[in-house]
Every structure is written in C-alpha cells, then in structure tokens.
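A.B. asks: Contents of data_28.cif (mmCIF, C-alpha atoms and all ligand atoms) are given next:
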data_model
#
loop_
_atom_site.group_PDB
_atom_site.id
_atom_site.type_symbol
_atom_site.label_atom_id
_atom_site.label_comp_id
_atom_site.auth_asym_id
_atom_site.auth_seq_id
_atom_site.Cartn_x
_atom_site.Cartn_y
_atom_site.Cartn_z
ATOM 1 C CA MET A 1 44.625 -8.668 36.770
ATOM 2 C CA ASP A 2 42.237 -7.944 33.916
ATOM 3 C CA PHE A 3 39.402 -10.451 33.846
ATOM 4 C CA PRO A 4 37.538 -11.193 30.607
ATOM 5 C CA TYR A 5 34.186 -10.997 32.421
ATOM 6 C CA PHE A 6 32.620 -8.769 35.070
ATOM 7 C CA ARG A 7 33.206 -10.401 38.440
ATOM 8 C CA TYR A 8 30.523 -10.130 41.116
ATOM 9 C CA SER A 9 33.158 -9.434 43.773
ATOM 10 C CA GLN A 10 34.209 -6.382 41.748
ATOM 11 C CA TYR A 11 30.572 -5.296 41.366
ATOM 12 C CA LEU A 12 30.157 -5.428 45.154
ATOM 13 C CA ILE A 13 33.366 -3.465 45.783
ATOM 14 C CA GLU A 14 32.243 -0.782 43.317
ATOM 15 C CA LYS A 15 28.836 -0.632 44.977
ATOM 16 C CA TYR A 16 29.766 -0.752 48.672
ATOM 17 C CA GLY A 17 33.367 0.437 48.590
ATOM 18 C CA GLU A 18 34.596 -2.736 50.255
ATOM 19 C CA LYS A 19 34.381 -6.536 50.128
ATOM 20 C CA VAL A 20 30.915 -8.008 50.759
ATOM 21 C CA TYR A 21 30.147 -11.705 51.207
ATOM 22 C CA LYS A 22 26.907 -13.634 50.903
ATOM 23 C CA ILE A 23 25.796 -15.678 53.888
ATOM 24 C CA PRO A 24 23.397 -18.566 53.173
ATOM 25 C CA ILE A 25 20.369 -18.700 55.450
ATOM 26 C CA ASN A 26 17.995 -21.640 55.533
ATOM 27 C CA ILE A 27 14.293 -21.104 56.296
ATOM 28 C CA PRO A 28 11.432 -23.643 56.251
ATOM 29 C CA SER A 29 10.585 -23.244 52.574
ATOM 30 C CA TYR A 30 9.845 -26.043 50.168
ATOM 31 C CA CYS A 31 9.293 -26.570 46.483
ATOM 32 C CA PRO A 32 5.999 -26.616 44.530
ATOM 33 C CA ASN A 33 7.676 -28.763 41.905
ATOM 34 C CA ARG A 34 7.952 -31.590 44.394
ATOM 35 C CA ASP A 35 4.711 -31.535 46.332
ATOM 36 C CA GLY A 36 2.355 -31.616 43.331
ATOM 37 C CA THR A 37 1.409 -27.910 43.249
ATOM 38 C CA LYS A 38 3.431 -27.410 40.069
ATOM 39 C CA GLY A 39 4.740 -30.930 39.597
ATOM 40 C CA TYR A 40 6.130 -34.048 41.240
ATOM 41 C CA GLY A 41 9.672 -35.285 41.653
ATOM 42 C CA GLY A 42 11.368 -31.906 41.270
ATOM 43 C CA CYS A 43 13.920 -30.906 38.656
ATOM 44 C CA ILE A 44 15.993 -33.862 37.519
ATOM 45 C CA PHE A 45 19.244 -32.268 38.765
ATOM 46 C CA CYS A 46 18.031 -31.081 42.163
ATOM 47 C CA ALA A 47 19.183 -32.873 45.307
ATOM 48 C CA GLU A 48 17.183 -33.537 48.485
ATOM 49 C CA ASP A 49 18.427 -30.346 50.100
ATOM 50 C CA GLY A 50 16.976 -28.210 47.293
ATOM 51 C CA SER A 51 20.430 -27.312 45.928
ATOM 52 C CA GLY A 52 21.507 -25.593 49.119
ATOM 53 C CA HIS A 53 24.767 -27.376 49.798
ATOM 54 C CA GLU A 54 26.254 -24.863 52.212
ATOM 55 C CA ASN A 55 23.260 -24.475 54.479
ATOM 56 C CA MET A 56 22.610 -25.088 58.163
ATOM 57 C CA ALA A 57 19.376 -26.801 59.260
ATOM 58 C CA GLN A 58 16.090 -24.943 58.653
ATOM 59 C CA HIS A 59 15.072 -24.946 62.313
ATOM 60 C CA ILE A 60 18.156 -22.993 63.446
ATOM 61 C CA ASP A 61 17.401 -19.367 64.265
ATOM 62 C CA ILE A 62 18.244 -16.966 61.421
ATOM 63 C CA ALA A 63 20.514 -14.793 63.604
ATOM 64 C CA VAL A 64 22.404 -17.887 64.816
ATOM 65 C CA GLN A 65 22.990 -19.097 61.232
ATOM 66 C CA TYR A 66 24.078 -15.610 60.183
ATOM 67 C CA ASP A 67 26.399 -14.955 63.130
ATOM 68 C CA ALA A 68 28.105 -18.351 62.824
ATOM 69 C CA MET A 69 29.070 -17.701 59.200
ATOM 70 C CA LYS A 70 29.846 -14.054 59.859
ATOM 71 C CA GLN A 71 32.458 -15.014 62.451
ATOM 72 C CA ILE A 72 34.161 -17.368 60.014
ATOM 73 C CA LEU A 73 34.188 -14.773 57.228
ATOM 74 C CA GLN A 74 35.391 -11.981 59.488
ATOM 75 C CA LYS A 75 38.291 -14.106 60.642
ATOM 76 C CA LYS A 76 39.198 -15.482 57.220
ATOM 77 C CA TYR A 77 38.662 -12.479 54.942
ATOM 78 C CA ARG A 78 38.242 -9.500 57.327
ATOM 79 C CA VAL A 79 34.839 -8.698 55.788
ATOM 80 C CA GLN A 80 32.480 -6.232 57.477
ATOM 81 C CA LYS A 81 29.390 -6.266 55.259
ATOM 82 C CA TYR A 82 27.172 -9.125 54.210
ATOM 83 C CA ILE A 83 24.252 -10.151 52.064
ATOM 84 C CA ALA A 84 21.874 -12.630 53.678
ATOM 85 C CA PHE A 85 20.979 -15.222 51.069
ATOM 86 C CA LEU A 86 18.016 -17.595 50.953
ATOM 87 C CA GLN A 87 19.363 -20.319 48.694
ATOM 88 C CA SER A 88 17.553 -23.642 49.104
ATOM 89 C CA PHE A 89 14.216 -24.510 47.530
ATOM 90 C CA SER A 90 11.705 -21.822 46.468
ATOM 91 C CA ASN A 91 11.871 -19.152 49.123
ATOM 92 C CA THR A 92 8.611 -17.449 48.221
ATOM 93 C CA TYR A 93 6.815 -20.778 48.612
ATOM 94 C CA LEU A 94 5.753 -20.632 52.243
ATOM 95 C CA PRO A 95 2.813 -18.981 54.029
ATOM 96 C CA PHE A 96 2.972 -15.263 53.251
ATOM 97 C CA ASP A 97 2.976 -14.236 56.930
ATOM 98 C CA ASP A 98 5.963 -16.531 57.527
ATOM 99 C CA PHE A 99 7.710 -15.081 54.491
ATOM 100 C CA LYS A 100 7.236 -11.559 55.889
ATOM 101 C CA LYS A 101 8.390 -12.643 59.360
ATOM 102 C CA TYR A 102 11.618 -14.267 58.121
ATOM 103 C CA LEU A 103 12.447 -11.448 55.731
ATOM 104 C CA THR A 104 11.930 -8.835 58.445
ATOM 105 C CA GLN A 105 14.269 -10.792 60.741
ATOM 106 C CA MET A 106 16.869 -10.828 57.979
ATOM 107 C CA ALA A 107 16.515 -7.098 57.323
ATOM 108 C CA LYS A 108 17.428 -6.431 60.968
ATOM 109 C CA LEU A 109 20.661 -8.458 60.943
ATOM 110 C CA LYS A 110 23.690 -6.415 61.916
ATOM 111 C CA ASP A 111 26.025 -5.399 59.065
ATOM 112 C CA CYS A 112 23.600 -6.835 56.537
ATOM 113 C CA VAL A 113 23.507 -4.554 53.460
ATOM 114 C CA GLY A 114 21.352 -6.725 51.260
ATOM 115 C CA ILE A 115 19.108 -9.732 50.946
ATOM 116 C CA ALA A 116 19.071 -12.247 48.086
ATOM 117 C CA ILE A 117 16.111 -14.575 47.625
ATOM 118 C CA SER A 118 16.249 -17.598 45.403
ATOM 119 C CA THR A 119 12.938 -18.863 44.005
ATOM 120 C CA ARG A 120 11.066 -20.185 40.974
ATOM 121 C CA PRO A 121 9.891 -17.815 38.237
ATOM 122 C CA ASP A 122 6.285 -18.978 38.635
ATOM 123 C CA CYS A 123 6.323 -18.549 42.389
ATOM 124 C CA ILE A 124 6.500 -14.766 42.832
ATOM 125 C CA GLU A 125 3.303 -12.837 43.328
ATOM 126 C CA GLU A 126 2.660 -9.096 43.407
ATOM 127 C CA ARG A 127 2.307 -9.236 47.197
ATOM 128 C CA HIS A 128 5.859 -10.612 47.522
ATOM 129 C CA LEU A 129 7.221 -7.813 45.353
ATOM 130 C CA ASP A 130 5.204 -5.130 47.174
ATOM 131 C CA PHE A 131 6.443 -6.377 50.523
ATOM 132 C CA LEU A 132 10.066 -6.552 49.353
ATOM 133 C CA THR A 133 9.885 -3.046 47.902
ATOM 134 C CA THR A 134 8.613 -1.719 51.240
ATOM 135 C CA LEU A 135 11.268 -3.648 53.163
ATOM 136 C CA LYS A 136 13.983 -2.282 50.897
ATOM 137 C CA ALA A 137 12.870 1.307 51.524
ATOM 138 C CA GLN A 138 12.308 0.816 55.254
ATOM 139 C CA TYR A 139 15.719 -0.721 55.984
ATOM 140 C CA GLY A 140 17.744 0.852 53.175
ATOM 141 C CA LEU A 141 18.697 -2.570 51.829
ATOM 142 C CA ASP A 142 19.421 -3.875 48.366
ATOM 143 C CA ILE A 143 17.142 -6.764 47.551
ATOM 144 C CA SER A 144 17.856 -9.214 44.796
ATOM 145 C CA VAL A 145 15.570 -11.959 43.507
ATOM 146 C CA GLU A 146 17.321 -14.961 41.962
ATOM 147 C CA ILE A 147 15.366 -17.105 39.548
ATOM 148 C CA GLY A 148 16.272 -20.174 37.544
ATOM 149 C CA LEU A 149 16.127 -19.748 33.798
ATOM 150 C CA GLN A 150 18.463 -22.727 33.199
ATOM 151 C CA SER A 151 17.894 -22.758 29.425
ATOM 152 C CA ALA A 152 16.161 -20.625 26.811
ATOM 153 C CA ASN A 153 14.925 -23.815 25.160
ATOM 154 C CA ASP A 154 11.449 -24.846 26.383
ATOM 155 C CA GLU A 155 11.988 -28.442 25.286
ATOM 156 C CA THR A 156 15.059 -28.652 27.504
ATOM 157 C CA LEU A 157 13.078 -27.171 30.405
ATOM 158 C CA CYS A 158 10.558 -29.966 29.871
ATOM 159 C CA ILE A 159 13.287 -32.648 29.999
ATOM 160 C CA LEU A 160 14.626 -31.052 33.181
ATOM 161 C CA ASN A 161 11.082 -31.297 34.626
ATOM 162 C CA ARG A 162 11.229 -27.622 35.547
ATOM 163 C CA GLY A 163 7.449 -27.256 35.371
ATOM 164 C CA HIS A 164 7.693 -23.726 33.962
ATOM 165 C CA THR A 165 8.413 -22.133 30.611
ATOM 166 C CA THR A 166 10.799 -19.437 29.403
ATOM 167 C CA GLU A 167 7.757 -17.144 29.177
ATOM 168 C CA ASP A 168 7.283 -17.535 32.964
ATOM 169 C CA VAL A 169 10.875 -16.336 33.375
ATOM 170 C CA VAL A 170 10.283 -13.337 31.096
ATOM 171 C CA GLN A 171 7.129 -12.319 32.969
ATOM 172 C CA SER A 172 8.607 -12.655 36.470
ATOM 173 C CA ALA A 173 11.889 -10.958 35.463
ATOM 174 C CA ARG A 174 9.982 -7.961 34.116
ATOM 175 C CA LYS A 175 7.962 -7.677 37.334
ATOM 176 C CA ILE A 176 11.081 -7.906 39.506
ATOM 177 C CA LYS A 177 12.797 -5.131 37.534
ATOM 178 C CA ALA A 178 9.633 -3.004 37.462
ATOM 179 C CA ALA A 179 9.471 -3.268 41.265
ATOM 180 C CA GLY A 180 12.968 -1.751 41.486
ATOM 181 C CA LEU A 181 14.529 -4.974 42.784
ATOM 182 C CA GLU A 182 17.703 -6.557 41.480
ATOM 183 C CA LEU A 183 17.458 -9.562 39.212
ATOM 184 C CA CYS A 184 19.832 -12.524 39.151
ATOM 185 C CA LEU A 185 19.309 -15.294 36.583
ATOM 186 C CA HIS A 186 20.660 -18.837 36.942
ATOM 187 C CA VAL A 187 21.537 -20.931 33.911
ATOM 188 C CA ILE A 188 23.147 -24.313 33.250
ATOM 189 C CA VAL A 189 25.654 -24.012 30.436
ATOM 190 C CA ASN A 190 26.369 -27.600 29.416
ATOM 191 C CA LEU A 191 22.918 -29.133 29.155
ATOM 192 C CA PRO A 192 23.323 -31.959 26.623
ATOM 193 C CA TRP A 193 19.866 -31.265 25.152
ATOM 194 C CA ASP A 194 20.798 -27.674 24.280
ATOM 195 C CA SER A 195 22.534 -26.649 21.069
ATOM 196 C CA ASN A 196 25.015 -23.790 20.717
ATOM 197 C CA GLU A 197 22.129 -21.722 19.289
ATOM 198 C CA ASP A 198 20.199 -22.324 22.534
ATOM 199 C CA VAL A 199 23.217 -21.147 24.511
ATOM 200 C CA ILE A 200 23.353 -17.941 22.448
ATOM 201 C CA LYS A 201 19.609 -17.462 22.986
ATOM 202 C CA THR A 202 20.131 -17.912 26.734
ATOM 203 C CA GLY A 203 22.866 -15.260 26.762
ATOM 204 C CA LYS A 204 20.669 -12.877 24.786
ATOM 205 C CA MET A 205 17.793 -13.465 27.217
ATOM 206 C CA ILE A 206 19.968 -12.575 30.218
ATOM 207 C CA THR A 207 20.908 -9.363 28.411
ATOM 208 C CA ALA A 208 17.389 -8.526 27.206
ATOM 209 C CA LEU A 209 15.847 -9.051 30.650
ATOM 210 C CA ARG A 210 18.377 -6.565 32.076
ATOM 211 C CA ALA A 211 19.649 -8.939 34.753
ATOM 212 C CA ASP A 212 21.910 -7.252 37.281
ATOM 213 C CA SER A 213 23.824 -10.455 37.814
ATOM 214 C CA ALA A 214 23.887 -14.060 36.646
ATOM 215 C CA LYS A 215 25.121 -17.442 37.791
ATOM 216 C CA ILE A 216 26.409 -19.932 35.265
ATOM 217 C CA HIS A 217 26.323 -23.498 36.543
ATOM 218 C CA THR A 218 28.137 -26.422 35.024
ATOM 219 C CA LEU A 219 25.825 -29.432 35.080
ATOM 220 C CA TYR A 220 26.834 -31.869 37.793
ATOM 221 C CA VAL A 221 25.223 -35.111 38.912
ATOM 222 C CA ALA A 222 24.081 -34.885 42.509
ATOM 223 C CA LYS A 223 23.416 -38.032 44.498
ATOM 224 C CA GLY A 224 19.802 -39.139 44.836
ATOM 225 C CA THR A 225 18.590 -37.307 41.724
ATOM 226 C CA VAL A 226 16.880 -38.499 38.541
ATOM 227 C CA LEU A 227 20.020 -37.320 36.770
ATOM 228 C CA GLU A 228 22.072 -39.783 38.819
ATOM 229 C CA LYS A 229 19.832 -42.614 37.652
ATOM 230 C CA MET A 230 20.241 -41.468 34.024
ATOM 231 C CA TYR A 231 23.990 -41.202 34.526
ATOM 232 C CA HIS A 232 24.292 -44.773 35.827
ATOM 233 C CA GLU A 233 21.942 -46.104 33.137
ATOM 234 C CA LYS A 234 24.101 -44.292 30.568
ATOM 235 C CA THR A 235 21.129 -42.373 29.136
ATOM 236 C CA LEU A 236 22.865 -39.104 30.009
ATOM 237 C CA LYS A 237 25.700 -38.012 27.768
ATOM 238 C CA MET A 238 27.710 -35.337 29.547
ATOM 239 C CA LEU A 239 29.500 -32.758 27.432
ATOM 240 C CA SER A 240 33.277 -32.855 27.588
ATOM 241 C CA LEU A 241 35.228 -30.232 29.504
ATOM 242 C CA GLU A 242 36.455 -28.744 26.210
ATOM 243 C CA GLU A 243 32.895 -28.477 24.835
ATOM 244 C CA THR A 244 31.723 -26.895 28.081
ATOM 245 C CA ILE A 245 34.519 -24.324 28.064
ATOM 246 C CA THR A 246 33.611 -23.402 24.471
ATOM 247 C CA ARG A 247 29.935 -23.048 25.420
ATOM 248 C CA THR A 248 30.693 -20.996 28.525
ATOM 249 C CA ILE A 249 32.721 -18.559 26.454
ATOM 250 C CA LEU A 250 29.945 -18.419 23.844
ATOM 251 C CA LEU A 251 27.375 -17.704 26.554
ATOM 252 C CA LEU A 252 29.515 -14.968 28.106
ATOM 253 C CA GLU A 253 30.008 -13.351 24.717
ATOM 254 C CA TYR A 254 26.244 -12.743 24.526
ATOM 255 C CA ILE A 255 25.827 -11.445 28.071
ATOM 256 C CA ASP A 256 25.997 -7.683 28.476
ATOM 257 C CA PRO A 257 29.304 -6.677 30.152
ATOM 258 C CA THR A 258 27.398 -4.812 32.902
ATOM 259 C CA VAL A 259 25.879 -8.090 34.175
ATOM 260 C CA ALA A 260 27.960 -9.169 37.182
ATOM 261 C CA MET A 261 28.873 -12.843 37.043
ATOM 262 C CA GLN A 262 28.256 -14.377 40.443
ATOM 263 C CA ARG A 263 29.427 -17.788 39.322
ATOM 264 C CA ILE A 264 30.815 -19.383 36.181
ATOM 265 C CA VAL A 265 31.528 -22.921 37.359
ATOM 266 C CA SER A 266 29.503 -25.077 39.810
ATOM 267 C CA ARG A 267 30.863 -25.852 43.236
ATOM 268 C CA VAL A 268 29.730 -29.015 44.924
ATOM 269 C CA THR A 269 31.463 -31.357 47.310
ATOM 270 C CA GLU A 270 32.629 -34.799 46.174
ATOM 271 C CA GLU A 271 30.508 -36.618 48.742
ATOM 272 C CA LYS A 272 27.325 -35.034 47.370
ATOM 273 C CA SER A 273 27.897 -35.819 43.704
ATOM 274 C CA VAL A 274 28.832 -38.675 41.392
ATOM 275 C CA PHE A 275 30.044 -36.323 38.666
ATOM 276 C CA CYS A 276 31.249 -32.754 38.937
ATOM 277 C CA ASN A 277 33.603 -30.633 36.851
ATOM 278 C CA TRP A 278 35.361 -33.605 35.255
ATOM 279 C CA ASN A 279 37.059 -34.435 38.574
ATOM 280 C CA GLN A 280 38.817 -31.101 38.642
ATOM 281 C CA SER A 281 38.453 -28.304 41.147
ATOM 282 C CA TRP A 282 36.060 -25.533 40.101
ATOM 283 C CA ARG A 283 38.967 -23.091 40.325
ATOM 284 C CA LYS A 284 40.977 -25.074 37.797
ATOM 285 C CA VAL A 285 38.057 -25.182 35.363
ATOM 286 C CA LEU A 286 37.501 -21.450 35.827
ATOM 287 C CA MET A 287 41.165 -20.735 35.156
ATOM 288 C CA GLN A 288 40.967 -22.722 31.915
ATOM 289 C CA ILE A 289 37.957 -20.687 30.797
ATOM 290 C CA GLU A 290 39.746 -17.427 31.613
ATOM 291 C CA GLU A 291 42.911 -18.569 29.907
ATOM 292 C CA GLN A 292 41.076 -19.589 26.739
ATOM 293 C CA MET A 293 39.209 -16.266 26.668
ATOM 294 C CA ARG A 294 42.482 -14.384 26.938
ATOM 295 C CA CYS A 295 44.060 -16.540 24.216
ATOM 296 C CA GLU A 296 41.103 -15.896 21.902
ATOM 297 C CA GLY A 297 41.104 -12.195 22.745
ATOM 298 C CA THR A 298 37.435 -12.333 23.650
ATOM 299 C CA ARG A 299 35.391 -11.069 26.604
ATOM 300 C CA GLN A 300 31.903 -10.864 28.072
ATOM 301 C CA GLY A 301 29.475 -9.130 25.707
ATOM 302 C CA ARG A 302 31.819 -9.217 22.703
ATOM 303 C CA CYS A 303 29.187 -10.592 20.320
ATOM 304 C CA LEU A 304 26.431 -8.186 21.352
ATOM 305 C CA THR A 305 27.708 -5.574 18.939
ATOM 306 C CA LYS A 306 26.920 -8.043 16.165
ATOM 307 C CA ILE A 307 23.208 -8.265 17.127
HETATM 308 S S1 LIG B 401 15.740 -26.653 41.534
HETATM 309 FE FE1 LIG B 401 14.240 -25.403 42.639
HETATM 310 S S2 LIG B 401 12.325 -25.773 41.521
HETATM 311 FE FE2 LIG B 401 13.689 -27.440 40.961
HETATM 312 S S3 LIG B 401 13.226 -29.110 42.414
HETATM 313 FE FE3 LIG B 401 14.964 -27.915 43.252
HETATM 314 S S4 LIG B 401 14.015 -26.440 44.626
HETATM 315 FE FE4 LIG B 401 12.399 -27.205 43.261
#
Output the file's structure in the form of structure tokens.
C.D. replies:
Amino acid sequence: MDFPYFRYSQYLIEKYGEKVYKIPINIPSYCPNRDGTKGYGGCIFCAEDGSGHENMAQHIDIAVQYDAMKQILQKKYRVQKYIAFLQSFSNTYLPFDDFKKYLTQMAKLKDCVGIAISTRPDCIEERHLDFLTTLKAQYGLDISVEIGLQSANDETLCILNRGHTTEDVVQSARKIKAAGLELCLHVIVNLPWDSNEDVIKTGKMITALRADSAKIHTLYVAKGTVLEKMYHEKTLKMLSLEETITRTILLLEYIDPTVAMQRIVSRVTEEKSVFCNWNQSWRKVLMQIEEQMRCEGTRQGRCLTKI
C-alpha cells in the first residue's frame, strides 16, 4: 500500500534490509526539570514514570530487559535485529561515568544494530556527543538522539513548563547532526495553545534542522499530571479529533519527505490516562489521518515546494 508519509518501519527496512524493532531499556536516569536543576514539577503532561510507559524497572539489568523483550519480538514478528532505546526521563542526566557504563553495555548487546537515546535539548554536552561518536565507530552502531521540541512556539513551551526554549532545540540539534549522529525530534500536534501557524513553523523546524526521523504525539492526559488537574478543573480545552487530524496533516505537509515518521498518534494505556485519542484506538485515529490525506491527495512535504 502507498502511504502518504514516510514510515519509520520502511526506513529501517531500507537501511538494514530487514525488519528492525526498538526495545525500551530503563536506566537510573532522572529529569532536571523535576529536581530543581532546570525547574520543578516537570512538564505539565509528563507522568511519574517520565513518559516511559512500556518500560521495566530501572534496577533490572540491561541485558535482562533486552533479552526479555527480544524473545517476545522474535516469537511474534520473527525479528532478528534491534535498536536499544532509552526512553524514560532525560537519559544524559546521570553521572557521566554511569552514562558511559550503561551505553557501553548496550553497545555490546547481541543483535543490537543501533541505540536511541531520549533526552532534553538542554541536557547534552560535548562530552556526551564525543563519547557517542566514539562508541558508534567502535561498535559499528547507528546512534540516534531523540529530543523534545514539542512546539515551535516559545510561549507554549512556557505553558508546558518545559524549562527550555526553541533556541535550545536548534543549538542541540545542530550539535547532534555535526557529530554525525542521527536526530529524532518529538512534537505534540494538538496543543491547544498553538495556532495552525505554529504547527507550520514546527514542521518547517523539523525540516530545517535536518531531522532523520520525528515522532508526532497527540496530546493525552496522563494520570497524576498537572494536565490532569487542568482537565478536571476544565481549564484545558482539548482540540477535537477533526481539528487534530487537520493539524496533523498540516504538520506533515511541512515535514521533508525524507524524515522518517516514527509515530503519528500517541499510544498510552487506558489505565494510565484520563483522556487519550478521543476514546479510540491509536490505529483507528491513524487510519483516519491516512484516509483523509488520500482523499485530499496530499502527502508529507507537499507544502515545502511553496516555501
Ligand atoms: S517530559 Fe522529559 S523533561 Fe519533561 S518532565 Fe518528563 S522527563 Fe522531564
């Protein structure tokens, strides 16, 4: 089937010649936006587990976490290659020696062809990039750094209590690319404080920063967050599904077609959220986006020719 956007699964097949799956690994990292280093309270949408819903406990050995998931994936999808993925919290925010130790353990995992590290844009130093560049060369791995842009509107970032600016994202993205590492940018498409112009700006930023891949999240309300409080107090006005589909298509139209889309709709379990995807499965929402794109005859990057 022809998809109106560049799927990450396709990107991986083209790169490795076969299916590759990401395996989440949890290490003892934390977040500087919670402990006072950058801010207190964390981002208003972020749950206690640092947005790592699929993770095992931090104290479990990396190889044990990896092998457990590998077995499941091998059985279910007959996959042979994997990317070890540090998802929760800010994974460059831990003592540097510990960071090096955990990353070296991950580089040695059997059948692991790549490592993905999720972190904050203001939390990556030259020493992290130097170490990752060396690790990449030493083990012949692809290394991707995932950072949260969320919105190209600084006022929205302030409301989200992100504790960083869009300029921080620009600076860290440039350094990641200059180091020869892959860049993945995360954004939230249906932030009620953003306008359609902000969404276009966000798409253009993803393109201009030469991201290799991107994740589009639909805003959901996780339990125990500031957002949940706002939701119950009715100070949060969620966009409708129709508005969100329109915005997602708009965003995709400004993202270069070579940027692999790792995600287009959020996935979170019912027990962890009070609102997610308008009570529909993420697959159903995704299908509606695809269907509308086909109906409109549009696709990822369509509007870039107009810039
Ligand atoms: S989203 Fe990231 S930066 Fe924000 S509170 Fe969660 S772990 Fe910290």
A.B. asks: Got a sec to check which residues lie within 7 Å of ligand LIG 401 (chain B), using all atoms listed in the file, and send them as a list in words?
C.D. replies: Tyr30, Cys31, Pro32, Asn33, Arg34, Gly42, Cys43, Cys46, Ala47, Gly50, Ser51, Ser88, Phe89, Ser90, Thr119, Arg120 and Arg162 of chain A
A.B. asks: Do you know which residues are at most 8 Å from A:Met261 counting all atoms listed in the file, after dropping those on the same chain fewer than 2 positions away, and could you put them as a PDB file with C-alpha atoms, in the coordinates of the input?
C.D. replies:
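Written out: result-v9.pdb:
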ATOM      1  CA  TYR A   5      34.186 -10.997  32.421  1.00  0.00           C
ATOM      2  CA  PHE A   6      32.620  -8.769  35.070  1.00  0.00           C
ATOM      3  CA  ARG A   7      33.206 -10.401  38.440  1.00  0.00           C
ATOM      4  CA  TYR A   8      30.523 -10.130  41.116  1.00  0.00           C
ATOM      5  CA  SER A 213      23.824 -10.455  37.814  1.00  0.00           C
ATOM      6  CA  ALA A 214      23.887 -14.060  36.646  1.00  0.00           C
ATOM      7  CA  LYS A 215      25.121 -17.442  37.791  1.00  0.00           C
ATOM      8  CA  ILE A 216      26.409 -19.932  35.265  1.00  0.00           C
ATOM      9  CA  VAL A 259      25.879  -8.090  34.175  1.00  0.00           C
ATOM     10  CA  ARG A 263      29.427 -17.788  39.322  1.00  0.00           C
ATOM     11  CA  ILE A 264      30.815 -19.383  36.181  1.00  0.00           C
TER      12      ILE A 264
END
A.B. asks: Just give me the residues with any atom within 8 Å of (14.0, -10.2, 37.3), file coordinates, counting only C-alpha atoms, written as a PyMOL selection string.
C.D. replies: chain A and resi 145-147+169-170+172-177+181-185+209-211
A.B. asks: Tell me which residues the PyMOL selection byres (((chain A and resi 126-130) around 10) and not hetatm) grabs here, as a ChimeraX atom specification.
C.D. replies: /A:92,96,99-100,123-125,131-136,145,172,175-181
A.B. asks: How far is it from atom CA of A:Pro28 to atom CA of A:Ala57, in Å with one decimal?
C.D. replies: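 It comes out at 9.1 Å.
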A.B. asks: Apply the PyMOL selection byres (((chain A and resi 21) around 6) and not hetatm) to the file shown and report the selected residues as an NGL selection string.
C.D. replies: :A and (20 or 22 or 82)
A.B. asks: Here is a test: counting all atoms listed in the file, which residue of A:Gly41, A:Tyr77, A:Met106, A:Lys201 is nearest to A:Asn26?
C.D. replies: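 Distance minimum relative to A:Asn26 lands on A:Met106.
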